[in-house]
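Engineer: If it helps, the file is called query_26.cif and holds mmCIF, C-alpha atoms:
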data_target
loop_
_atom_site.group_PDB
_atom_site.id
_atom_site.type_symbol
_atom_site.label_atom_id
_atom_site.label_comp_id
_atom_site.auth_asym_id
_atom_site.auth_seq_id
_atom_site.Cartn_x
_atom_site.Cartn_y
_atom_site.Cartn_z
ATOM 1 C CA MET A 76 0.000 0.000 0.000
ATOM 2 C CA GLN A 77 2.834 2.381 0.893
ATOM 3 C CA ALA A 78 4.558 1.643 -2.429
ATOM 4 C CA ALA A 79 1.331 2.273 -4.336
ATOM 5 C CA SER A 80 0.882 5.599 -2.546
ATOM 6 C CA SER A 81 4.422 6.627 -3.429
ATOM 7 C CA VAL A 82 3.826 5.819 -7.103
ATOM 8 C CA PHE A 83 0.591 7.865 -7.062
ATOM 9 C CA LEU A 84 2.381 10.854 -5.520
ATOM 10 C CA LEU A 85 5.190 10.577 -8.067
ATOM 11 C CA LEU A 86 2.736 10.491 -10.983
ATOM 12 C CA THR A 87 0.779 13.428 -9.542
ATOM 13 C CA CYS A 88 3.932 15.533 -9.189
ATOM 14 C CA SER A 89 4.941 14.652 -12.750
ATOM 15 C CA VAL A 90 1.575 15.803 -14.120
ATOM 16 C CA LEU A 91 1.834 19.056 -12.192
ATOM 17 C CA LEU A 92 5.285 19.660 -13.632
ATOM 18 C CA VAL A 93 4.238 19.251 -17.257
ATOM 19 C CA THR A 94 0.770 20.856 -17.129
ATOM 20 C CA PRO A 95 0.934 24.342 -18.761
ATOM 21 C CA LYS A 96 0.234 27.309 -16.521
ATOM 22 C CA ASN A 97 -3.198 28.828 -17.064
ATOM 23 C CA PHE A 98 -2.062 32.111 -18.622
ATOM 24 C CA THR A 99 -4.508 34.930 -19.337
ATOM 25 C CA PRO A 100 -5.468 34.825 -23.040
ATOM 26 C CA ILE A 101 -4.013 37.454 -25.388
ATOM 27 C CA VAL A 102 -5.707 39.405 -28.175
ATOM 28 C CA LEU A 103 -3.527 41.011 -30.877
ATOM 29 C CA TRP A 104 -4.338 43.801 -33.346
ATOM 30 C CA HIS A 105 -1.985 44.597 -36.212
ATOM 31 C CA GLY A 106 -1.172 47.967 -37.747
ATOM 32 C CA MET A 107 -1.560 49.703 -41.105
ATOM 33 C CA GLY A 108 -0.553 47.643 -44.126
ATOM 34 C CA ASP A 109 -0.368 44.432 -42.107
ATOM 35 C CA ALA A 110 -2.700 41.528 -41.381
ATOM 36 C CA CYS A 111 -3.523 39.088 -38.625
ATOM 37 C CA CYS A 112 -1.414 36.205 -39.764
ATOM 38 C CA PHE A 113 1.511 37.160 -41.991
ATOM 39 C CA PRO A 114 4.389 34.864 -40.937
ATOM 40 C CA TYR A 115 6.912 37.710 -40.903
ATOM 41 C CA SER A 116 4.841 39.944 -38.580
ATOM 42 C CA LEU A 117 2.017 38.841 -36.282
ATOM 43 C CA GLY A 118 2.514 35.201 -37.186
ATOM 44 C CA ALA A 119 6.039 35.471 -35.773
ATOM 45 C CA ILE A 120 4.746 37.351 -32.721
ATOM 46 C CA GLN A 121 2.271 34.543 -32.015
ATOM 47 C CA LYS A 122 5.056 31.960 -32.214
ATOM 48 C CA HIS A 123 7.192 33.972 -29.786
ATOM 49 C CA LEU A 124 4.255 34.369 -27.399
ATOM 50 C CA ASN A 125 3.611 30.642 -27.426
ATOM 51 C CA ASP A 126 7.280 29.999 -26.671
ATOM 52 C CA SER A 127 7.202 32.485 -23.787
ATOM 53 C CA LEU A 128 3.747 31.454 -22.493
ATOM 54 C CA PRO A 129 3.276 27.785 -23.459
ATOM 55 C CA GLY A 130 -0.324 26.936 -24.200
ATOM 56 C CA VAL A 131 -1.644 30.490 -23.962
ATOM 57 C CA HIS A 132 -4.813 31.098 -25.957
ATOM 58 C CA MET A 133 -4.391 33.833 -28.580
ATOM 59 C CA LEU A 134 -6.731 35.660 -30.907
ATOM 60 C CA SER A 135 -5.096 37.691 -33.666
ATOM 61 C CA LEU A 136 -7.917 39.871 -34.958
ATOM 62 C CA LYS A 137 -8.768 39.368 -38.621
ATOM 63 C CA ILE A 138 -11.055 42.125 -39.878
ATOM 64 C CA GLY A 139 -12.775 40.552 -42.870
ATOM 65 C CA ASN A 140 -13.222 37.123 -44.382
ATOM 66 C CA SER A 141 -9.631 36.651 -45.489
ATOM 67 C CA VAL A 142 -6.098 37.848 -44.818
ATOM 68 C CA ILE A 143 -6.312 40.012 -47.959
ATOM 69 C CA ASP A 144 -9.537 41.588 -46.696
ATOM 70 C CA ASP A 145 -7.839 42.238 -43.371
ATOM 71 C CA PHE A 146 -4.886 43.914 -45.093
ATOM 72 C CA GLU A 147 -7.132 46.138 -47.239
ATOM 73 C CA ASN A 148 -9.393 47.021 -44.317
ATOM 74 C CA SER A 149 -6.399 48.465 -42.477
ATOM 75 C CA TYR A 150 -6.627 51.268 -45.063
ATOM 76 C CA PHE A 151 -10.262 51.443 -46.089
ATOM 77 C CA MET A 152 -12.669 50.226 -43.368
ATOM 78 C CA HIS A 153 -13.678 52.877 -40.825
ATOM 79 C CA PRO A 154 -12.226 52.137 -37.351
ATOM 80 C CA ASN A 155 -15.671 52.390 -35.753
ATOM 81 C CA LYS A 156 -16.802 49.423 -37.818
ATOM 82 C CA GLN A 157 -13.559 47.573 -37.153
ATOM 83 C CA VAL A 158 -13.929 48.030 -33.397
ATOM 84 C CA THR A 159 -17.519 46.757 -33.526
ATOM 85 C CA MET A 160 -16.407 43.675 -35.466
ATOM 86 C CA ALA A 161 -13.527 43.076 -33.052
ATOM 87 C CA CYS A 162 -15.889 43.309 -30.084
ATOM 88 C CA GLU A 163 -18.196 40.723 -31.653
ATOM 89 C CA MET A 164 -15.280 38.350 -32.329
ATOM 90 C CA ILE A 165 -14.003 38.633 -28.769
ATOM 91 C CA GLN A 166 -17.443 38.142 -27.251
ATOM 92 C CA ALA A 167 -17.963 35.055 -29.429
ATOM 93 C CA ASP A 168 -14.767 33.377 -28.175
ATOM 94 C CA PRO A 169 -15.618 31.305 -25.059
ATOM 95 C CA LEU A 170 -11.961 31.177 -24.017
ATOM 96 C CA LEU A 171 -11.950 34.965 -23.572
ATOM 97 C CA ARG A 172 -15.028 35.209 -21.363
ATOM 98 C CA LYS A 173 -12.976 35.560 -18.148
ATOM 99 C CA GLY A 174 -10.894 38.384 -19.596
ATOM 100 C CA TYR A 175 -7.804 38.897 -21.689
ATOM 101 C CA ASN A 176 -4.644 40.939 -22.155
ATOM 102 C CA ALA A 177 -4.332 43.020 -25.321
ATOM 103 C CA VAL A 178 -1.418 44.053 -27.530
ATOM 104 C CA GLY A 179 -1.894 46.618 -30.275
ATOM 105 C CA PHE A 180 0.728 47.411 -32.887
ATOM 106 C CA SER A 181 0.891 50.886 -34.448
ATOM 107 C CA GLN A 182 -2.659 51.996 -35.390
ATOM 108 C CA GLY A 183 -3.920 48.750 -33.858
ATOM 109 C CA SER A 184 -2.992 50.303 -30.498
ATOM 110 C CA GLN A 185 -5.551 53.102 -30.660
ATOM 111 C CA PHE A 186 -8.096 50.690 -32.108
ATOM 112 C CA MET A 187 -7.450 48.391 -29.144
ATOM 113 C CA ARG A 188 -7.894 51.328 -26.750
ATOM 114 C CA ALA A 189 -11.212 52.129 -28.424
ATOM 115 C CA LEU A 190 -12.130 48.498 -27.842
ATOM 116 C CA ALA A 191 -11.339 48.853 -24.126
ATOM 117 C CA GLN A 192 -13.509 51.981 -23.946
ATOM 118 C CA ARG A 193 -16.440 50.709 -26.013
ATOM 119 C CA CYS A 194 -16.468 46.948 -25.365
ATOM 120 C CA PRO A 195 -16.058 46.357 -21.617
ATOM 121 C CA VAL A 196 -17.279 42.736 -21.680
ATOM 122 C CA PRO A 197 -15.285 40.569 -21.553
ATOM 123 C CA LYS A 198 -12.818 42.573 -19.514
ATOM 124 C CA MET A 199 -9.532 43.743 -20.980
ATOM 125 C CA ARG A 200 -6.974 43.506 -18.186
ATOM 126 C CA THR A 201 -3.713 44.941 -19.507
ATOM 127 C CA LEU A 202 -3.356 46.979 -22.699
ATOM 128 C CA VAL A 203 0.075 47.145 -24.319
ATOM 129 C CA SER A 204 0.420 49.812 -27.002
ATOM 130 C CA VAL A 205 3.410 49.226 -29.280
ATOM 131 C CA GLY A 206 4.083 52.396 -31.265
ATOM 132 C CA GLY A 207 0.450 53.542 -31.081
ATOM 133 C CA GLN A 208 -0.759 57.000 -32.121
ATOM 134 C CA HIS A 209 -3.019 57.988 -29.227
ATOM 135 C CA GLN A 210 -3.036 61.687 -30.096
ATOM 136 C CA GLY A 211 -3.087 60.954 -33.801
ATOM 137 C CA VAL A 212 -0.518 61.921 -36.416
ATOM 138 C CA TYR A 213 0.334 65.049 -38.352
ATOM 139 C CA GLY A 214 2.595 63.944 -41.145
ATOM 140 C CA LEU A 215 3.293 60.730 -42.988
ATOM 141 C CA PRO A 216 7.050 60.694 -43.609
ATOM 142 C CA ASN A 217 7.143 56.992 -44.432
ATOM 143 C CA CYS A 218 4.596 54.270 -45.135
ATOM 144 C CA LEU A 219 4.945 50.590 -44.470
ATOM 145 C CA SER A 220 3.987 48.048 -47.133
ATOM 146 C CA VAL A 221 3.259 50.601 -49.877
ATOM 147 C CA ASP A 222 5.471 52.199 -52.514
ATOM 148 C CA HIS A 223 6.759 55.779 -52.271
ATOM 149 C CA GLN A 224 4.339 57.098 -54.895
ATOM 150 C CA THR A 225 1.322 55.790 -52.957
ATOM 151 C CA CYS A 226 2.778 57.088 -49.705
ATOM 152 C CA ASP A 227 3.221 60.547 -51.196
ATOM 153 C CA TYR A 228 -0.355 60.505 -52.490
ATOM 154 C CA LEU A 229 -1.705 59.610 -49.033
ATOM 155 C CA ARG A 230 0.333 62.397 -47.467
ATOM 156 C CA ARG A 231 -0.904 65.033 -49.906
ATOM 157 C CA ILE A 232 -4.545 64.049 -49.687
ATOM 158 C CA LEU A 233 -4.463 64.024 -45.891
ATOM 159 C CA ASN A 234 -2.856 67.461 -45.782
ATOM 160 C CA HIS A 235 -5.641 68.976 -47.850
ATOM 161 C CA ALA A 236 -8.785 66.936 -47.236
ATOM 162 C CA ALA A 237 -8.455 64.888 -44.041
ATOM 163 C CA TYR A 238 -11.700 66.153 -42.503
ATOM 164 C CA TYR A 239 -13.878 65.970 -45.588
ATOM 165 C CA ARG A 240 -16.686 63.569 -44.776
ATOM 166 C CA TRP A 241 -16.043 61.357 -47.810
ATOM 167 C CA LEU A 242 -12.385 60.910 -46.856
ATOM 168 C CA GLN A 243 -13.163 60.259 -43.194
ATOM 169 C CA HIS A 244 -15.343 57.370 -44.325
ATOM 170 C CA SER A 245 -13.012 55.963 -46.976
ATOM 171 C CA LEU A 246 -9.466 56.236 -45.560
ATOM 172 C CA VAL A 247 -8.641 54.903 -42.101
ATOM 173 C CA GLN A 248 -5.651 57.172 -41.555
ATOM 174 C CA ALA A 249 -7.830 60.275 -41.995
ATOM 175 C CA THR A 250 -9.754 59.300 -38.858
ATOM 176 C CA TYR A 251 -6.733 59.841 -36.628
ATOM 177 C CA TRP A 252 -5.204 62.749 -38.561
ATOM 178 C CA HIS A 253 -4.730 65.502 -35.974
ATOM 179 C CA ASP A 254 -4.068 68.990 -37.334
ATOM 180 C CA PRO A 255 -2.542 71.094 -34.523
ATOM 181 C CA LEU A 256 -2.880 74.244 -36.666
ATOM 182 C CA ASN A 257 -6.650 73.914 -36.606
ATOM 183 C CA GLU A 258 -7.777 72.151 -33.444
ATOM 184 C CA ASP A 259 -11.423 73.156 -33.897
ATOM 185 C CA LEU A 260 -11.555 71.629 -37.364
ATOM 186 C CA TYR A 261 -9.955 68.451 -36.033
ATOM 187 C CA LYS A 262 -12.443 68.158 -33.168
ATOM 188 C CA GLN A 263 -15.401 68.761 -35.457
ATOM 189 C CA GLY A 264 -14.231 66.658 -38.392
ATOM 190 C CA SER A 265 -12.514 63.660 -36.822
ATOM 191 C CA THR A 266 -14.952 60.733 -36.813
ATOM 192 C CA PHE A 267 -12.814 58.457 -34.633
ATOM 193 C CA LEU A 268 -9.910 59.907 -32.659
ATOM 194 C CA ALA A 269 -11.707 63.018 -31.392
ATOM 195 C CA ASP A 270 -14.470 60.756 -30.104
ATOM 196 C CA ILE A 271 -12.336 58.183 -28.259
ATOM 197 C CA ASN A 272 -10.269 61.028 -26.755
ATOM 198 C CA ASN A 273 -13.409 62.769 -25.429
ATOM 199 C CA GLU A 274 -12.517 65.917 -27.367
ATOM 200 C CA ARG A 275 -16.061 67.048 -28.186
ATOM 201 C CA ALA A 276 -17.986 65.826 -25.155
ATOM 202 C CA ILE A 277 -17.309 63.718 -22.087
ATOM 203 C CA ASN A 278 -18.405 60.116 -22.466
ATOM 204 C CA GLN A 279 -18.210 58.863 -18.892
ATOM 205 C CA SER A 280 -18.350 55.229 -19.952
ATOM 206 C CA TYR A 281 -15.098 55.746 -21.871
ATOM 207 C CA ILE A 282 -13.455 57.019 -18.681
ATOM 208 C CA ASP A 283 -14.860 54.267 -16.487
ATOM 209 C CA ASN A 284 -13.959 51.496 -18.921
ATOM 210 C CA LEU A 285 -10.417 52.751 -19.484
ATOM 211 C CA ARG A 286 -9.851 53.155 -15.754
ATOM 212 C CA ALA A 287 -10.925 49.534 -15.320
ATOM 213 C CA LEU A 288 -7.662 48.445 -16.951
ATOM 214 C CA LYS A 289 -5.110 46.980 -14.578
ATOM 215 C CA ASN A 290 -2.259 48.385 -16.692
ATOM 216 C CA PHE A 291 -1.917 50.613 -19.746
ATOM 217 C CA VAL A 292 1.593 50.198 -21.175
ATOM 218 C CA MET A 293 2.819 52.574 -23.903
ATOM 219 C CA ILE A 294 5.992 51.790 -25.852
ATOM 220 C CA LYS A 295 7.629 54.601 -27.837
ATOM 221 C CA PHE A 296 10.330 54.237 -30.509
ATOM 222 C CA GLU A 297 12.903 57.025 -30.192
ATOM 223 C CA GLY A 298 14.116 56.607 -33.791
ATOM 224 C CA ASP A 299 10.653 56.422 -35.336
ATOM 225 C CA THR A 300 10.506 57.656 -38.943
ATOM 226 C CA ILE A 301 6.954 56.391 -39.541
ATOM 227 C CA VAL A 302 4.960 58.172 -36.826
ATOM 228 C CA GLN A 303 4.986 61.973 -36.664
ATOM 229 C CA PRO A 304 5.311 63.180 -33.989
ATOM 230 C CA MET A 305 6.710 60.139 -32.203
ATOM 231 C CA GLU A 306 5.557 61.579 -28.854
ATOM 232 C CA THR A 307 1.999 60.562 -29.754
ATOM 233 C CA GLU A 308 3.117 57.052 -28.798
ATOM 234 C CA TRP A 309 3.170 58.334 -25.184
ATOM 235 C CA PHE A 310 -0.010 60.401 -25.673
ATOM 236 C CA GLY A 311 2.019 63.571 -26.309
ATOM 237 C CA PHE A 312 1.547 65.892 -29.291
ATOM 238 C CA TYR A 313 2.286 69.321 -30.734
ATOM 239 C CA LYS A 314 1.149 72.281 -28.682
ATOM 240 C CA PRO A 315 -2.025 73.711 -30.259
ATOM 241 C CA GLY A 316 -1.551 76.343 -32.965
ATOM 242 C CA GLN A 317 1.823 75.208 -34.314
ATOM 243 C CA ALA A 318 3.664 72.073 -35.406
ATOM 244 C CA LYS A 319 7.136 72.342 -33.892
ATOM 245 C CA GLU A 320 6.995 72.425 -30.102
ATOM 246 C CA ILE A 321 5.874 69.254 -28.349
ATOM 247 C CA GLN A 322 3.870 68.962 -25.161
ATOM 248 C CA THR A 323 3.774 65.824 -23.049
ATOM 249 C CA LEU A 324 0.602 64.069 -22.008
ATOM 250 C CA GLN A 325 0.940 65.631 -18.575
ATOM 251 C CA GLU A 326 1.097 69.141 -20.096
ATOM 252 C CA SER A 327 -2.025 68.662 -22.225
ATOM 253 C CA GLU A 328 -5.545 69.835 -21.440
ATOM 254 C CA LEU A 329 -6.709 66.259 -22.002
ATOM 255 C CA TYR A 330 -4.682 65.277 -18.945
ATOM 256 C CA LYS A 331 -5.126 68.402 -16.820
ATOM 257 C CA GLN A 332 -8.911 68.260 -17.216
ATOM 258 C CA ASP A 333 -8.760 64.467 -16.890
ATOM 259 C CA ARG A 334 -11.119 64.161 -19.836
ATOM 260 C CA LEU A 335 -10.181 60.512 -20.322
ATOM 261 C CA GLY A 336 -9.259 59.512 -16.783
ATOM 262 C CA LEU A 337 -5.535 59.327 -17.521
ATOM 263 C CA MET A 338 -4.509 61.566 -14.619
ATOM 264 C CA LYS A 339 -6.204 59.280 -12.128
ATOM 265 C CA MET A 340 -4.797 56.213 -13.858
ATOM 266 C CA GLU A 341 -1.288 57.596 -13.516
ATOM 267 C CA ARG A 342 -1.870 58.426 -9.842
ATOM 268 C CA ASP A 343 -3.095 54.866 -9.347
ATOM 269 C CA GLY A 344 0.068 53.489 -10.956
ATOM 270 C CA LYS A 345 -1.713 52.123 -14.024
ATOM 271 C CA LEU A 346 0.169 54.084 -16.723
ATOM 272 C CA HIS A 347 3.558 52.737 -17.759
ATOM 273 C CA PHE A 348 5.858 54.456 -20.267
ATOM 274 C CA MET A 349 8.687 52.606 -22.020
ATOM 275 C CA SER A 350 10.988 53.573 -24.866
ATOM 276 C CA LEU A 351 13.334 51.894 -27.319
ATOM 277 C CA PRO A 352 16.042 53.495 -29.487
ATOM 278 C CA GLY A 353 14.998 51.921 -32.794
ATOM 279 C CA ASN A 354 12.638 52.699 -35.657
ATOM 280 C CA HIS A 355 8.915 51.959 -35.757
ATOM 281 C CA LEU A 356 8.043 48.508 -34.339
ATOM 282 C CA GLN A 357 11.712 47.474 -34.326
ATOM 283 C CA PHE A 358 12.454 45.525 -31.145
ATOM 284 C CA GLU A 359 14.163 42.358 -29.995
ATOM 285 C CA TRP A 360 11.872 39.685 -28.590
ATOM 286 C CA SER A 361 14.190 39.203 -25.626
ATOM 287 C CA TRP A 362 13.521 42.851 -24.652
ATOM 288 C CA PHE A 363 9.759 42.445 -25.060
ATOM 289 C CA GLU A 364 9.766 39.217 -23.073
ATOM 290 C CA LYS A 365 11.770 40.714 -20.203
ATOM 291 C CA ASN A 366 9.994 44.084 -20.007
ATOM 292 C CA VAL A 367 6.440 43.211 -21.011
ATOM 293 C CA ILE A 368 5.678 39.476 -20.895
ATOM 294 C CA ASP A 369 7.482 38.722 -17.612
ATOM 295 C CA VAL A 370 6.143 41.856 -15.899
ATOM 296 C CA TYR A 371 2.530 42.073 -17.075
ATOM 297 C CA PHE A 372 1.502 38.709 -18.544
ATOM 298 C CA LYS A 373 2.873 36.184 -16.021
#
So that I can check it, write out the structure of this file as structure tokens.

Structural biologist:
Amino acid sequence: MQAASSVFLLLTCSVLLVTPKNFTPIVLWHGMGDACCFPYSLGAIQKHLNDSLPGVHMLSLKIGNSVIDDFENSYFMHPNKQVTMACEMIQADPLLRKGYNAVGFSQGSQFMRALAQRCPVPKMRTLVSVGGQHQGVYGLPNCLSVDHQTCDYLRRILNHAAYYRWLQHSLVQATYWHDPLNEDLYKQGSTFLADINNERAINQSYIDNLRALKNFVMIKFEGDTIVQPMETEWFGFYKPGQAKEIQTLQESELYKQDRLGLMKMERDGKLHFMSLPGNHLQFEWSWFEKNVIDVYFK
């Protein structure tokens, strides 16, 4: 009997040693000119995550019926519709019903924040923004995944027609174009960013839902040539009325008036700012694992 008990204990310990830890599921959202599952981008990220968190459930958001649809929708489907679709996908996944951690890449970061503010069930626990543009962009010095001629065309059309209704509803990047030379026009014409930043009116549910996050991590790339200004990755932007001098999040009226709840979140220790020396979305997985995965996902 004693021998049998010893064997049972040995087998039990062995099972405990090999059973994967029950990690919080992770939802990913890609950026402009990317898709859910390209092997060189989010496909590689998913592989790294599975190596770092064996057995973790992941959902890489695919907006559309195919990877090609997803890629095209990163340019042409209004973010409001994308966020609604993402909410429906997350709510339909039974493995996410107890909550999840979220990682957004580039424009996927502000879309993921909109998801936190508009889709509180199931609960997003930690939001990691990798090179996100939370105060929008004013300039398009480089474009990923498109040729220079197309990039130049996008830049010129945004400079002259960003807030035209037809462009707001046909080009994703127009919805987070933030013209510091004409703040009133931006607030009136922006059909996405001005809303999720509570620029026109205070939506208390946005504040409450964002404050419900356990952590909001923002990663900025100090050598970014894609995002202009790069300080938007930490919720900073140009001071109103000009496009040279930068103000930090803490210097902005958005923060001082606590229009989005960020002041209280920082006081509660929920805002975390990190930076890397490289260009847009350029990081070593070992850095991400040490500074993000080990700290916020384990």

Engineer: So which residues are close to (-5.8, 43.1, -26.6), meaning at most 12 Å away in the file's coordinates with all atoms listed in the file counted, and can you show them as a PyMOL selection string?

Structural biologist: chain A and resi 99-105+133-136+158+161-162+165+171+174-180+183-191+194-195+197-205+288+290-292+372

Engineer: Quick check, in Å to one decimal: how far apart do atom CA of Lys339 of chain A and atom CA of Asp254 of chain A lie?

Structural biologist: 27.1 Å

Engineer: Which residues, protein or nucleic acid, reach to within 12 Å of (-15.9, 47.0, -38.5) in the file's coordinates when using all atoms listed in the file, and can you give that as JSON, numbers by chain?

Structural biologist: {"A": [136, 137, 138, 139, 140, 144, 145, 148, 149, 151, 152, 153, 154, 155, 156, 157, 158, 159, 160, 161, 162, 163, 164, 186, 190, 244, 247]}

Engineer: Applied to the shown file, which residues does the PyMOL selection byres ((chain A and resi 272) around 12) return, written as a PyMOL selection string?

Structural biologist: chain A and resi 185-186+188-189+192+208-211+251+253+261-262+265-271+273-279+281-282+285+310+328-330+333-337

Engineer: Calculated over all atoms listed in the file, which of the candidates A:Lys173, A:His355, A:Lys289, A:Lys96 has the smallest distance to Val302 of chain A?

Structural biologist: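 Checking each candidate against Val302 of chain A, we get A:His355 as the closest.
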
Engineer: Rounded to one decimal place, report the atom CA of Ala236 of chain A-atom CA of Gly106 of chain A distance in Å.

Structural biologist: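 Value for the atom CA of Ala236 of chain A-atom CA of Gly106 of chain A distance: 22.5 Å.
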
Engineer: Starting from the shown file, work through the PyMOL selection byres ((chain A and resi 311) around 9) and note down what comes out as a PDB file with C-alpha atoms, in the frame of the given file.

Structural biologist:
ATOM      1  CA  HIS A 209      -3.019  57.988 -29.227  1.00  0.00           C
ATOM      2  CA  GLN A 210      -3.036  61.687 -30.096  1.00  0.00           C
ATOM      3  CA  PRO A 304       5.311  63.180 -33.989  1.00  0.00           C
ATOM      4  CA  MET A 305       6.710  60.139 -32.203  1.00  0.00           C
ATOM      5  CA  GLU A 306       5.557  61.579 -28.854  1.00  0.00           C
ATOM      6  CA  THR A 307       1.999  60.562 -29.754  1.00  0.00           C
ATOM      7  CA  GLU A 308       3.117  57.052 -28.798  1.00  0.00           C
ATOM      8  CA  TRP A 309       3.170  58.334 -25.184  1.00  0.00           C
ATOM      9  CA  PHE A 310      -0.010  60.401 -25.673  1.00  0.00           C
ATOM     10  CA  PHE A 312       1.547  65.892 -29.291  1.00  0.00           C
ATOM     11  CA  TYR A 313       2.286  69.321 -30.734  1.00  0.00           C
ATOM     12  CA  ILE A 321       5.874  69.254 -28.349  1.00  0.00           C
ATOM     13  CA  GLN A 322       3.870  68.962 -25.161  1.00  0.00           C
ATOM     14  CA  THR A 323       3.774  65.824 -23.049  1.00  0.00           C
ATOM     15  CA  LEU A 324       0.602  64.069 -22.008  1.00  0.00           C
ATOM     16  CA  GLN A 325       0.940  65.631 -18.575  1.00  0.00           C
ATOM     17  CA  GLU A 326       1.097  69.141 -20.096  1.00  0.00           C
ATOM     18  CA  SER A 327      -2.025  68.662 -22.225  1.00  0.00           C
TER      19      SER A 327
END

Engineer: Using only C-alpha atoms, find each residue in segment 124-167 of chain A having at least one atom no more than 12 Å away from segment 359-363 of chain A; report its shortest atom-to-atom pair and that distance in Å (one decimal), rows by chain then rising number, as a tab-separated table.

Structural biologist:
residue	atom	partner	partner_atom	distance
A:Leu124	CA	A:Trp360	CA	9.4
A:Asp126	CA	A:Trp360	CA	10.9
A:Ser127	CA	A:Trp360	CA	9.8

Engineer: Suppose you want the space between atom CA of Ile294 of chain A and atom CA of Glu341 of chain A; what is it in Å?

Structural biologist: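 Interatomic distance here is 15.5 Å.
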
Engineer: For each of A:Leu351, A:Ala110, A:Gly118, A:Lys373, take the minimum atom-to-atom distance to Gly298 of chain A, counting all atoms listed in the file, then give the residue where this is smallest.

Structural biologist: A:Leu351

Engineer: Using all atoms listed in the file, which residue out of A:His123, A:Pro129, A:Asn97, A:Ser181 lies closest to Asp109 of chain A?

Structural biologist: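 The closest residue to Asp109 of chain A is A:Ser181.
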
Engineer: Ranking A:Lys319, A:Met349, A:Asn257, A:Ser280 by minimum distance to Arg193 of chain A and counting all atoms listed in the file, which one comes first?

Structural biologist: A:Ser280

Engineer: Which residue out of A:Val367, A:Ala249, A:Ala119, A:Leu170 has the minimum interatomic distance to Tyr150 of chain A when all atoms listed in the file are used?

Structural biologist: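 Once distances to Tyr150 of chain A are computed over all atoms listed in the file, the minimum belongs to A:Ala249.
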
Engineer: Between A:Val370, A:Val196, A:Val131, A:Ile143, single out the one closest to Ala167 of chain A, counting only C-alpha atoms.

Structural biologist: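 Distance minimum relative to Ala167 of chain A lands on A:Val196.
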
Engineer: Near Gly264 of chain A, within 9 Å and counting all atoms listed in the file, which residues show up once chain neighbours fewer than 4 positions away are dropped, as a PyMOL selection string?

Structural biologist: chain A and resi 237-240+243+250+259-260+269

Engineer: For C-alpha atoms, I'd like the residues from the last selection saved as a compact mmCIF listing (two decimals), keeping the file's coordinate frame.

Structural biologist:
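Result written to out16.txt:
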# COMPACT_ATOMS: atom_id res chain seq x y z
CA ALA A 237 -8.46 64.89 -44.04
CA TYR A 238 -11.70 66.15 -42.50
CA TYR A 239 -13.88 65.97 -45.59
CA ARG A 240 -16.69 63.57 -44.78
CA GLN A 243 -13.16 60.26 -43.19
CA THR A 250 -9.75 59.30 -38.86
CA ASP A 259 -11.42 73.16 -33.90
CA LEU A 260 -11.56 71.63 -37.36
CA ALA A 269 -11.71 63.02 -31.39

Engineer: Report the residues retrieved by the PyMOL selection byres ((chain A and resi 296) around 6) from the displayed file, expressed as a list in words.

Structural biologist: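 Output of the PyMOL selection byres ((chain A and resi 296) around 6): Lys295, Glu297, Gly298, Asp299, Ser350, Leu351, Pro352, Gly353, Asn354 and His355 of chain A.
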